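As stored in my_file.cif (mmCIF, C-alpha atoms):
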data_model
#
loop_
_atom_site.label_atom_id
_atom_site.label_comp_id
_atom_site.auth_asym_id
_atom_site.auth_seq_id
_atom_site.Cartn_x
_atom_site.Cartn_y
_atom_site.Cartn_z
CA MET A 1 64.68 97.90 122.86
CA PHE A 2 66.91 95.93 120.50
CA GLY A 3 63.75 95.09 118.52
CA LEU A 4 63.29 98.81 117.86
CA LEU A 5 66.83 99.07 116.52
CA ILE A 6 66.16 96.14 114.20
CA GLU A 7 62.99 97.79 112.95
CA ARG A 8 64.80 101.06 112.38
CA TYR A 9 67.76 99.67 110.46
CA GLU A 10 66.70 96.44 108.76
CA GLY A 11 65.44 98.10 105.56
CA LYS A 12 68.49 100.34 105.19
CA LEU A 13 70.95 97.57 105.95
CA PHE A 14 69.18 95.09 103.67
CA HIS A 15 69.65 97.52 100.75
CA TYR A 16 73.20 98.31 101.81
CA ILE A 17 74.12 94.61 101.77
CA LYS A 18 72.48 94.20 98.35
CA ARG A 19 74.38 97.22 97.07
CA THR A 20 77.63 95.88 98.44
CA ILE A 21 77.47 92.30 97.18
CA ASN A 22 74.13 91.84 95.37
CA PHE A 23 73.40 88.34 96.63
CA PRO A 24 69.90 86.82 96.30
CA ASP A 25 67.27 88.17 98.73
CA GLN A 26 67.13 85.06 100.90
CA GLU A 27 70.89 84.99 101.35
CA THR A 28 70.89 88.73 102.05
CA GLU A 29 68.29 88.20 104.78
CA ASP A 30 70.48 85.53 106.33
CA ILE A 31 73.45 87.92 106.31
CA LEU A 32 71.27 90.63 107.83
CA GLN A 33 70.18 88.35 110.67
CA GLU A 34 73.81 87.49 111.40
CA VAL A 35 74.64 91.22 111.38
CA PHE A 36 72.00 91.94 114.02
CA ILE A 37 73.16 89.02 116.18
CA LYS A 38 76.73 90.32 115.91
CA ALA A 39 75.60 93.88 116.73
CA TYR A 40 73.74 92.58 119.79
CA LYS A 41 76.79 90.69 121.05
CA ASN A 42 79.00 93.75 120.48
CA LEU A 43 76.62 96.37 121.86
CA ASN A 44 79.10 97.31 124.60
CA SER A 45 81.76 98.12 122.04
CA PHE A 46 79.68 101.02 120.75
CA ASN A 47 81.51 104.30 121.27
CA PRO A 48 79.11 107.24 121.78
CA ASP A 49 81.60 109.49 119.94
CA LEU A 50 80.44 107.67 116.83
CA LYS A 51 77.02 107.86 115.19
CA PHE A 52 75.08 104.67 115.93
CA SER A 53 74.31 104.31 112.23
CA SER A 54 78.05 104.45 111.38
CA TRP A 55 78.72 101.76 113.97
CA ILE A 56 76.05 99.39 112.68
CA TYR A 57 76.97 100.09 109.04
CA ARG A 58 80.57 99.21 109.91
CA ILE A 59 79.49 95.87 111.39
CA THR A 60 77.34 95.27 108.33
CA TYR A 61 80.12 96.09 105.89
CA ASN A 62 82.69 93.92 107.68
CA HIS A 63 80.33 90.97 108.03
CA THR A 64 79.13 91.27 104.43
CA ILE A 65 82.67 91.38 103.05
CA SER A 66 83.78 88.45 105.15
CA TYR A 67 80.69 86.49 103.99
CA TRP A 68 81.46 87.42 100.38
CA ARG A 69 85.07 86.26 100.75
CA LYS A 70 83.84 82.85 101.86
CA ASN A 71 81.27 82.63 99.05
CA LYS A 72 82.86 84.25 96.05
CA ASN A 73 80.70 82.30 93.59
CA ASN A 74 78.28 85.24 93.48
CA ASN A 75 79.12 88.43 91.61
CA LEU A 76 79.54 91.85 93.14
CA ASN A 77 77.60 93.70 90.50
CA LEU A 78 75.26 96.52 91.37
CA SER A 79 71.62 95.99 90.35
CA ILE A 80 70.22 97.89 87.34
CA GLU A 81 67.96 99.95 89.65
CA ASP A 82 70.84 100.95 91.91
CA SER A 83 73.02 101.77 88.89
CA GLU A 84 70.31 104.11 87.64
CA ILE A 85 69.93 105.77 91.04
CA LEU A 86 73.69 106.19 91.23
CA LEU A 87 73.83 107.73 87.76
CA LYS A 88 70.99 110.10 88.61
CA THR A 89 72.71 111.19 91.83
CA LEU A 90 76.04 111.59 90.09
CA SER A 91 74.41 113.68 87.37
CA THR A 92 73.55 116.29 89.98
CA ASP A 93 77.15 116.37 91.17
CA GLU A 94 78.61 119.58 89.75
CA ASP A 95 82.03 118.00 89.20
CA ILE A 96 80.77 115.65 86.56
CA ALA A 97 77.31 116.87 85.64
CA ASP A 98 78.53 118.45 82.42
CA ASN A 99 80.22 115.32 81.27
CA LEU A 100 77.51 112.78 81.90
CA ASP A 101 74.75 112.01 79.51
CA THR A 102 71.75 111.09 81.64
CA GLN A 103 70.20 109.40 78.65
CA LEU A 104 72.90 106.72 78.67
CA GLU A 105 71.59 103.19 78.49
CA SER A 106 71.11 101.61 81.88
CA GLU A 107 73.12 98.57 80.91
CA SER A 108 76.20 100.59 79.89
CA VAL A 109 76.00 102.59 83.13
CA ARG A 110 75.78 99.39 85.09
CA GLU A 111 78.72 97.90 83.24
CA ALA A 112 80.80 101.01 83.85
CA ILE A 113 80.03 101.04 87.57
CA ASN A 114 80.61 97.32 87.93
CA SER A 115 83.97 97.52 86.17
CA LEU A 116 85.27 99.87 88.89
CA ASP A 117 87.53 98.45 91.60
CA LYS A 118 85.65 97.36 94.69
CA LYS A 119 87.27 100.10 96.81
CA TYR A 120 85.78 102.74 94.48
CA ARG A 121 82.36 101.10 94.39
CA ASP A 122 82.28 100.88 98.19
CA VAL A 123 82.73 104.65 98.56
CA LEU A 124 80.35 105.51 95.71
CA VAL A 125 77.65 103.31 97.23
CA LEU A 126 78.04 104.92 100.66
CA LYS A 127 78.29 108.47 99.33
CA PHE A 128 75.67 108.49 96.57
CA LEU A 129 73.29 105.65 97.40
CA GLU A 130 73.43 105.64 101.21
CA ASP A 131 73.91 109.42 101.38
CA LYS A 132 76.69 109.28 103.99
CA SER A 133 79.09 112.14 104.75
CA TYR A 134 82.88 111.77 104.37
CA GLU A 135 83.18 111.52 108.15
CA GLU A 136 80.58 108.74 108.32
CA ILE A 137 82.20 106.83 105.45
CA SER A 138 85.53 107.19 107.23
CA ASP A 139 83.98 105.66 110.39
CA ILE A 140 82.27 102.86 108.46
CA LEU A 141 85.23 101.78 106.32
CA LYS A 142 87.82 102.68 108.99
CA LYS A 143 89.89 104.81 106.65
CA PRO A 144 91.05 108.44 107.13
CA SER A 145 88.65 111.11 105.80
CA GLY A 146 91.36 112.34 103.42
CA THR A 147 91.62 108.87 101.90
CA ILE A 148 87.84 108.73 101.50
CA ALA A 149 87.83 112.08 99.69
CA THR A 150 90.60 110.88 97.37
CA LEU A 151 88.83 107.60 96.65
CA ILE A 152 85.57 109.39 95.84
CA ASN A 153 87.29 111.84 93.50
CA ARG A 154 89.17 109.06 91.73
CA ALA A 155 86.00 106.96 91.50
CA LYS A 156 84.14 109.87 89.89
CA THR A 157 86.98 110.51 87.45
CA LYS A 158 87.16 106.86 86.48
CA LEU A 159 83.42 106.63 86.04
CA LYS A 160 83.40 109.82 83.97
CA ASP A 161 86.14 108.40 81.74
CA LYS A 162 84.22 105.18 81.22
CA LEU A 163 80.95 106.94 80.39
CA THR A 164 82.21 109.67 78.05
CA MET B 1 62.00 91.27 102.51
CA ASN B 2 59.77 90.30 105.39
CA LYS B 3 60.59 92.84 108.11
CA LYS B 4 58.52 91.20 110.82
CA LYS B 5 60.11 87.85 110.04
CA ILE B 6 63.67 89.15 110.38
CA LYS B 7 63.00 90.92 113.66
CA LEU B 8 61.31 87.84 115.15
CA GLN B 9 63.99 85.48 113.90
CA VAL B 10 66.78 87.60 115.38
CA LEU B 11 65.03 88.00 118.74
CA ASP B 12 64.15 84.29 118.84
CA LYS B 13 67.73 83.33 118.12
CA ILE B 14 69.02 85.64 120.87
CA LYS B 15 66.59 84.01 123.29
CA GLU B 16 67.18 80.48 122.07
CA LEU B 17 70.99 80.73 122.29
CA ASN B 18 70.72 82.73 125.51
CA LEU B 19 73.02 85.37 124.00
CA GLU B 20 74.26 88.31 126.08
CA PRO B 21 76.21 91.38 124.98
CA THR B 22 79.95 90.90 125.58
CA PRO B 23 80.91 92.83 128.75
CA LYS B 24 82.38 96.30 128.28
CA TRP B 25 85.62 95.40 130.12
CA HIS B 26 86.37 92.91 127.34
CA PHE B 27 86.54 95.74 124.77
CA ILE B 28 88.44 98.04 127.13
CA LEU B 29 90.98 95.25 127.77
CA LYS B 30 91.32 94.62 124.04
CA ASP B 31 92.11 98.31 123.46
CA TRP B 32 94.62 98.29 126.32
CA VAL B 33 96.33 95.22 124.85
CA VAL B 34 96.72 97.05 121.52
CA TRP B 35 98.17 100.12 123.29
CA ALA B 36 100.49 97.90 125.35
CA ALA B 37 101.67 96.15 122.17
CA PHE B 38 102.27 99.58 120.61
CA SER B 39 104.31 100.68 123.65
CA ILE B 40 106.38 97.48 123.57
CA SER B 41 107.03 97.88 119.85
CA ILE B 42 108.21 101.46 120.49
CA LEU B 43 110.56 100.22 123.23
CA ILE B 44 112.04 97.45 121.07
CA GLY B 45 112.24 99.74 118.02
CA ALA B 46 114.00 102.38 120.13
CA ALA B 47 116.44 99.79 121.48
CA ALA B 48 117.19 98.61 117.91
CA PHE B 49 117.62 102.23 116.78
CA SER B 50 119.97 103.03 119.65
CA VAL B 51 122.16 99.97 118.99
CA SER B 52 122.22 100.82 115.25
CA VAL B 53 123.42 104.35 116.03
CA PHE B 54 125.91 103.03 118.59
CA MET B 55 127.36 100.58 116.05
CA LEU B 56 127.47 103.22 113.32
CA ARG B 57 129.23 105.64 115.65
CA THR B 58 131.75 103.02 116.70
CA ASN B 59 132.31 101.61 113.23
CA ASP B 60 135.89 101.73 111.93
CA TRP B 61 135.00 104.35 109.32
CA GLY B 62 138.57 105.57 108.82
CA ILE B 63 140.04 102.29 107.65
CA HIS B 64 138.28 101.98 104.29
CA LYS B 65 141.19 103.72 102.57
CA ARG B 66 143.55 100.96 103.70
CA LEU B 67 141.24 98.39 102.10
CA ASP B 68 141.02 100.16 98.73
CA ASP B 69 137.25 100.33 99.28
CA THR B 70 135.18 103.37 98.55
CA PHE B 71 133.37 104.78 101.56
CA ILE B 72 130.06 103.46 100.16
CA GLU B 73 131.44 99.94 99.65
CA PHE B 74 132.82 99.92 103.17
CA ALA B 75 129.52 101.20 104.57
CA PHE B 76 127.59 98.40 102.84
CA GLU B 77 130.02 95.82 104.20
CA THR B 78 129.79 97.00 107.77
CA LEU B 79 126.27 98.38 108.33
CA PRO B 80 124.51 96.87 111.39
CA TYR B 81 121.88 95.12 109.28
CA ILE B 82 120.34 93.07 112.09
CA TRP B 83 119.48 96.16 114.11
CA ILE B 84 118.40 98.20 111.11
CA VAL B 85 116.01 95.40 110.05
CA LEU B 86 114.75 95.02 113.62
CA PHE B 87 114.19 98.79 113.79
CA ALA B 88 112.25 98.74 110.50
CA VAL B 89 110.18 95.71 111.58
CA PHE B 90 109.18 97.36 114.84
CA ILE B 91 108.34 100.63 113.14
CA TYR B 92 105.90 98.57 111.05
CA VAL B 93 104.60 96.70 114.12
CA GLY B 94 104.14 100.05 115.89
CA TYR B 95 102.26 101.44 112.88
CA TYR B 96 100.09 98.29 112.76
CA ASN B 97 99.22 98.55 116.46
CA LEU B 98 98.51 102.28 116.36
CA ARG B 99 96.34 101.81 113.29
CA HIS B 100 94.33 99.17 115.21
CA THR B 101 93.59 101.31 118.25
CA GLU B 102 89.99 102.47 118.47
CA LYS B 103 90.58 105.75 116.65
CA GLY B 104 93.76 104.80 114.78
CA TYR B 105 91.98 104.61 111.43
CA LYS B 106 91.26 108.35 111.52
CA TYR B 107 94.90 109.25 111.00
CA SER B 108 96.78 109.12 107.73
CA LEU B 109 99.68 106.76 107.06
CA PRO B 110 102.36 109.51 107.01
CA LEU B 111 101.07 110.93 110.31
CA ILE B 112 101.03 107.55 112.08
CA VAL B 113 104.43 106.52 110.69
CA GLY B 114 105.84 109.99 111.49
CA VAL B 115 104.64 109.94 115.12
CA ASN B 116 105.86 106.36 115.49
CA LEU B 117 109.28 107.19 114.01
CA LEU B 118 109.65 110.33 116.10
CA ALA B 119 108.76 108.54 119.36
CA THR B 120 111.11 105.66 118.53
CA ILE B 121 114.02 107.93 117.59
CA ILE B 122 113.66 110.21 120.64
CA LEU B 123 113.51 107.20 122.97
CA GLY B 124 116.35 105.58 121.03
CA TYR B 125 118.60 108.59 121.62
CA ALA B 126 117.63 108.55 125.30
CA PHE B 127 118.67 104.86 125.44
CA LEU B 128 121.92 105.75 123.72
CA GLY B 129 122.61 108.50 126.25
CA MET B 130 121.88 106.15 129.15
CA GLY B 131 124.31 103.54 127.80
CA VAL B 132 121.53 101.03 127.12
CA ALA B 133 122.69 100.44 123.52
CA LYS B 134 126.17 99.56 124.68
CA ARG B 135 124.81 97.10 127.22
CA ILE B 136 122.42 95.48 124.73
CA ASP B 137 125.26 94.96 122.23
CA ALA B 138 127.57 93.53 124.92
CA PHE B 139 124.81 91.28 126.27
CA ALA B 140 123.95 89.96 122.80
CA ILE B 141 127.61 89.29 121.96
CA ASP B 142 128.04 87.49 125.26
CA ARG B 143 124.84 85.42 125.23
CA ILE B 144 123.90 84.87 121.59
CA PRO B 145 126.59 83.03 119.60
CA ALA B 146 124.80 83.62 116.29
CA TYR B 147 124.70 87.36 116.97
CA GLU B 148 128.37 87.38 117.90
CA ARG B 149 129.14 85.65 114.58
CA LEU B 150 126.96 87.93 112.47
CA SER B 151 128.16 91.04 114.23
CA ASN B 152 131.87 90.29 114.37
CA GLU B 153 132.64 88.06 111.38
CA PRO B 154 132.78 90.89 108.79
CA ARG B 155 135.02 92.83 111.20
CA ARG B 156 137.26 89.81 111.74
CA GLN B 157 137.74 89.53 107.99
CA ILE B 158 138.47 93.23 107.62
CA TRP B 159 140.99 93.14 110.46
CA THR B 160 142.82 90.10 109.13
CA ASN B 161 144.54 92.18 106.49
CA PRO B 162 148.20 92.61 107.52
CA GLU B 163 149.20 93.47 103.92
CA ASN B 164 146.90 96.48 104.20
CA GLY B 165 148.12 97.37 107.66
CA LEU B 166 145.22 95.90 109.64
CA LEU B 167 145.76 93.18 112.21
CA ALA B 168 143.65 92.01 115.13
CA GLY B 169 143.67 89.06 117.48
CA GLU B 170 144.27 87.84 120.98
CA ILE B 171 147.39 88.74 122.93
CA LYS B 172 149.20 85.48 123.66
CA LYS B 173 152.13 86.99 125.50
CA VAL B 174 153.42 90.42 126.51
CA VAL B 175 157.14 90.04 125.78
CA GLN B 176 158.06 93.53 126.92
CA GLN B 177 156.43 96.96 127.12
CA ASP B 178 156.65 97.46 123.35
CA GLU B 179 156.45 93.90 122.08
CA ILE B 180 153.68 91.32 122.14
CA ILE B 181 152.85 87.98 120.58
CA LEU B 182 149.42 88.07 118.94
CA ILE B 183 147.31 85.22 117.54
CA ASP B 184 145.19 86.51 114.64
CA PHE B 185 141.75 85.17 113.66
CA LYS B 186 143.36 82.64 111.32
CA ASP B 187 145.49 81.28 114.17
CA ASN B 188 148.74 82.78 112.85
CA GLU B 189 151.19 83.86 115.55
CA TRP B 190 152.54 87.39 115.05
CA LYS B 191 155.37 89.27 116.66
CA VAL B 192 153.96 92.80 117.06
CA LEU B 193 156.13 95.80 117.90
CA ILE B 194 154.21 98.63 119.57
CA LYS B 195 155.09 102.05 118.13
CA THR B 196 152.53 104.06 120.11
CA ASN B 197 151.83 104.84 123.71
CA ARG B 198 148.24 105.97 123.27
CA PHE B 199 146.10 103.11 124.54
CA PRO B 200 144.40 102.18 127.82
CA ASP B 201 147.00 101.02 130.33
CA ASP B 202 145.23 97.74 131.04
CA LEU B 203 144.85 96.86 127.38
CA LEU B 204 148.10 94.99 126.77
CA GLU B 205 147.36 91.95 128.88
CA GLU B 206 147.41 88.30 127.92
CA GLY B 207 144.02 87.08 126.74
CA HIS B 208 142.83 90.55 125.63
CA THR B 209 141.66 90.92 122.06
CA ILE B 210 142.93 94.03 120.31
CA GLN B 211 142.98 95.62 116.87
CA THR B 212 146.03 97.34 115.48
CA GLN B 213 146.85 99.53 112.51
CA GLY B 214 150.38 99.71 111.19
CA GLU B 215 152.60 97.92 108.76
CA LYS B 216 153.65 94.37 108.01
CA THR B 217 157.41 94.43 108.45
CA GLY B 218 158.26 90.80 107.73
CA ASP B 219 156.97 87.25 107.73
CA LEU B 220 154.59 87.22 110.73
CA GLU B 221 156.03 90.49 111.99
CA PHE B 222 153.99 93.65 112.39
CA SER B 223 154.66 97.18 113.53
CA ALA B 224 151.59 98.73 115.28
CA GLU B 225 151.07 102.47 115.15
CA HIS B 226 147.54 102.48 116.60
CA ILE B 227 146.07 100.04 119.08
CA ARG B 228 142.62 99.80 120.58
CA PRO B 229 140.34 97.21 122.16
CA TRP B 230 138.52 94.85 119.82
CA GLN B 231 135.17 95.14 121.56
CA ARG B 232 133.41 98.39 120.80
CA ASN B 233 132.22 98.71 124.37
CA LEU B 234 135.47 98.19 126.21
CA PRO B 235 137.44 101.17 127.66
CA GLY B 236 137.47 104.28 125.58
CA LYS B 237 134.81 105.76 123.39
CA ILE B 238 135.82 105.15 119.82
CA GLN B 239 134.80 107.70 117.23
CA GLY B 240 135.92 107.60 113.65
CA ASN B 241 139.38 106.22 113.86
CA THR B 242 140.43 107.89 117.08
CA LEU B 243 140.33 106.49 120.55
CA GLU B 244 139.07 109.23 122.80
CA MET B 245 140.09 109.22 126.40
CA ASN B 246 137.58 108.87 129.21
CA GLU B 247 137.96 108.41 132.94
CA ASN B 248 139.11 104.81 132.42
CA PHE B 249 141.79 105.78 129.98
CA ARG B 250 145.33 106.93 130.70
CA PRO B 251 148.00 107.12 128.01
CA LYS B 252 151.04 104.93 128.61
CA ARG B 253 154.20 106.79 129.32
#

As structure tokens, please, write out the structure in this file.
Amino acid sequence: MFGLLIERYEGKLFHYIKRTINFPDQETEDILQEVFIKAYKNLNSFNPDLKFSSWIYRITYNHTISYWRKNKNNNLNLSIEDSEILLKTLSTDEDIADNLDTQLESESVREAINSLDKKYRDVLVLKFLEDKSYEEISDILKKPSGTIATLINRAKTKLKDKLT
Amino acid sequence: MNKKKIKLQVLDKIKELNLEPTPKWHFILKDWVVWAAFSISILIGAAAFSVSVFMLRTNDWGIHKRLDDTFIEFAFETLPYIWIVLFAVFIYVGYYNLRHTEKGYKYSLPLIVGVNLLATIILGYAFLGMGVAKRIDAFAIDRIPAYERLSNEPRRQIWTNPENGLLAGEIKKVVQQDEIILIDFKDNEWKVLIKTNRFPDDLLEEGHTIQTQGEKTGDLEFSAEHIRPWQRNLPGKIQGNTLEMNENFRPKR
């Protein structure tokens, strides 16, 4: 049964960890294994009011951040591919579509995204790369939905300012 | 990423370390502990709030004019800082606990702080009404020397001001109905003439500590126009600068 859960989430969570801290693949796999072990041990803490994916993403985020804090020698930068996906997704967002030039160089997009505060990158990754709703992001990051909405708006404004 | 490898490694590790999911009661207990800590912080915060209000209500607000202080200066000198700080600390502790309940993260900071403040203040007023604040203050003065010092030292200084008409101390001797010998907080011995009859009838007894307002009439001589007990929580409910009568209080004839 737990094997099925691993199969279902390992790909998504592997990418989510990479998008959160961008460590090398081998290290990311190690983190992912620890996440599943932690999830197994804490299975009884799962609250059915929550989506299972939000619960396991929350464990992943917390474990990833605590791992990153202990090993800060690696950077937090988003990969070029993810930066491009993020830009593409943001370009379809009506709030900033008019202001973004989709022909921008990948490297400058990446630089702009990576220069954002971590709190803004965390919400952008969940909203535009992981395709989570405000409610799900609120459950994952354990912040009120209103705060999530504010962070996303500010993140978009900051990104727009950096790219225009 | 090798999907098969990760799944096998995780399952092998679970088997190898003989891991089991933590029992549900463990998480339920953890949540209860957080709620209990929140309740305790509300109780302590409410107690601190009630004592703060009690001390503010019983502060000698009317005497600032005698000290040539502005009202603001006097307020800063006499605010019950210990209780105000304790109240603020436990509002924060309450916020922290509520935020760490299972669903606490869903609520905004103003909402959590607002609910916490409201609960603390309502309970604090209930404590005040039940006389809990008075008892806490008396207990702390009696049992905690440091509290007694912090709480009473500024008052002792204010009330050792005979030139400004303020004198307090312990009654050494009741000479006659309108004359006492009083030892002030600097160990000076004063002859005090009583020019009022509005005070509790058991107040003028040897060993009692009192505060008087009046006028210095000579070297170590004082004429008292107002007298009341030194302790805030002894007979009579003091408000502003007036001693109100209660069932324990009968004016002297």

- Expansion of the PyMOL selection byres ((chain A) within 9 of (chain B)) into residues, as a PyMOL selection string: chain A and resi 2-4+6-7+10-11+14+25-26+29-30+32-34+36-37+39-45+138-139+141-147

- Query: Between A:Asn71, A:Thr150, A:Thr92, A:Ser54, which is the closest to Ser133 (chain A) once you count all atoms listed in the file?
  - Reply: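 Of A:Asn71, A:Thr150, A:Thr92, A:Ser54, the one nearest Ser133 (chain A) is A:Ser54, counting all atoms listed in the file.
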
- Message: Could you list, as a ChimeraX atom specification, every residue within 10 Å of region 167-184 of chain B, counting only C-alpha atoms and ignoring same-chain residues fewer than 5 positions away?
- Response: /B:155-162,189-197,203-216,220-224,227-230,252

- Message: Under the rule that only C-alpha atoms are counted, which of A:Arg8, A:Asp49, A:Arg58, A:Asn114 is the nearest residue to Ser83 (chain A)?
- Response: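 Using only C-alpha atoms, the shortest distance to Ser83 (chain A) belongs to A:Asn114.
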
- Given the file shown, determine the residues that the PyMOL selection byres ((chain B and resi 83-87) around 9) selects; report them as a list in words.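 Expected selection for the PyMOL selection byres ((chain B and resi 83-87) around 9) here is Ile44, Gly45, Ala46, Ala47, Ala48, Phe49, Ser50, Val51, Ser52, Leu79, Pro80, Tyr81, Ile82, Ala88, Val89, Phe90, Ile91, Tyr92 and Thr120 of chain B.
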
Using C-alpha atoms, can you export the residues from the last selection as a PDB file, in the coordinates of the input?
ATOM      1  CA  ILE B  44     112.040  97.450 121.070  1.00  0.00           C
ATOM      2  CA  GLY B  45     112.240  99.740 118.020  1.00  0.00           C
ATOM      3  CA  ALA B  46     114.000 102.380 120.130  1.00  0.00           C
ATOM      4  CA  ALA B  47     116.440  99.790 121.480  1.00  0.00           C
ATOM      5  CA  ALA B  48     117.190  98.610 117.910  1.00  0.00           C
ATOM      6  CA  PHE B  49     117.620 102.230 116.780  1.00  0.00           C
ATOM      7  CA  SER B  50     119.970 103.030 119.650  1.00  0.00           C
ATOM      8  CA  VAL B  51     122.160  99.970 118.990  1.00  0.00           C
ATOM      9  CA  SER B  52     122.220 100.820 115.250  1.00  0.00           C
ATOM     10  CA  LEU B  79     126.270  98.380 108.330  1.00  0.00           C
ATOM     11  CA  PRO B  80     124.510  96.870 111.390  1.00  0.00           C
ATOM     12  CA  TYR B  81     121.880  95.120 109.280  1.00  0.00           C
ATOM     13  CA  ILE B  82     120.340  93.070 112.090  1.00  0.00           C
ATOM     14  CA  ALA B  88     112.250  98.740 110.500  1.00  0.00           C
ATOM     15  CA  VAL B  89     110.180  95.710 111.580  1.00  0.00           C
ATOM     16  CA  PHE B  90     109.180  97.360 114.840  1.00  0.00           C
ATOM     17  CA  ILE B  91     108.340 100.630 113.140  1.00  0.00           C
ATOM     18  CA  TYR B  92     105.900  98.570 111.050  1.00  0.00           C
ATOM     19  CA  THR B 120     111.110 105.660 118.530  1.00  0.00           C
TER      20      THR B 120
END
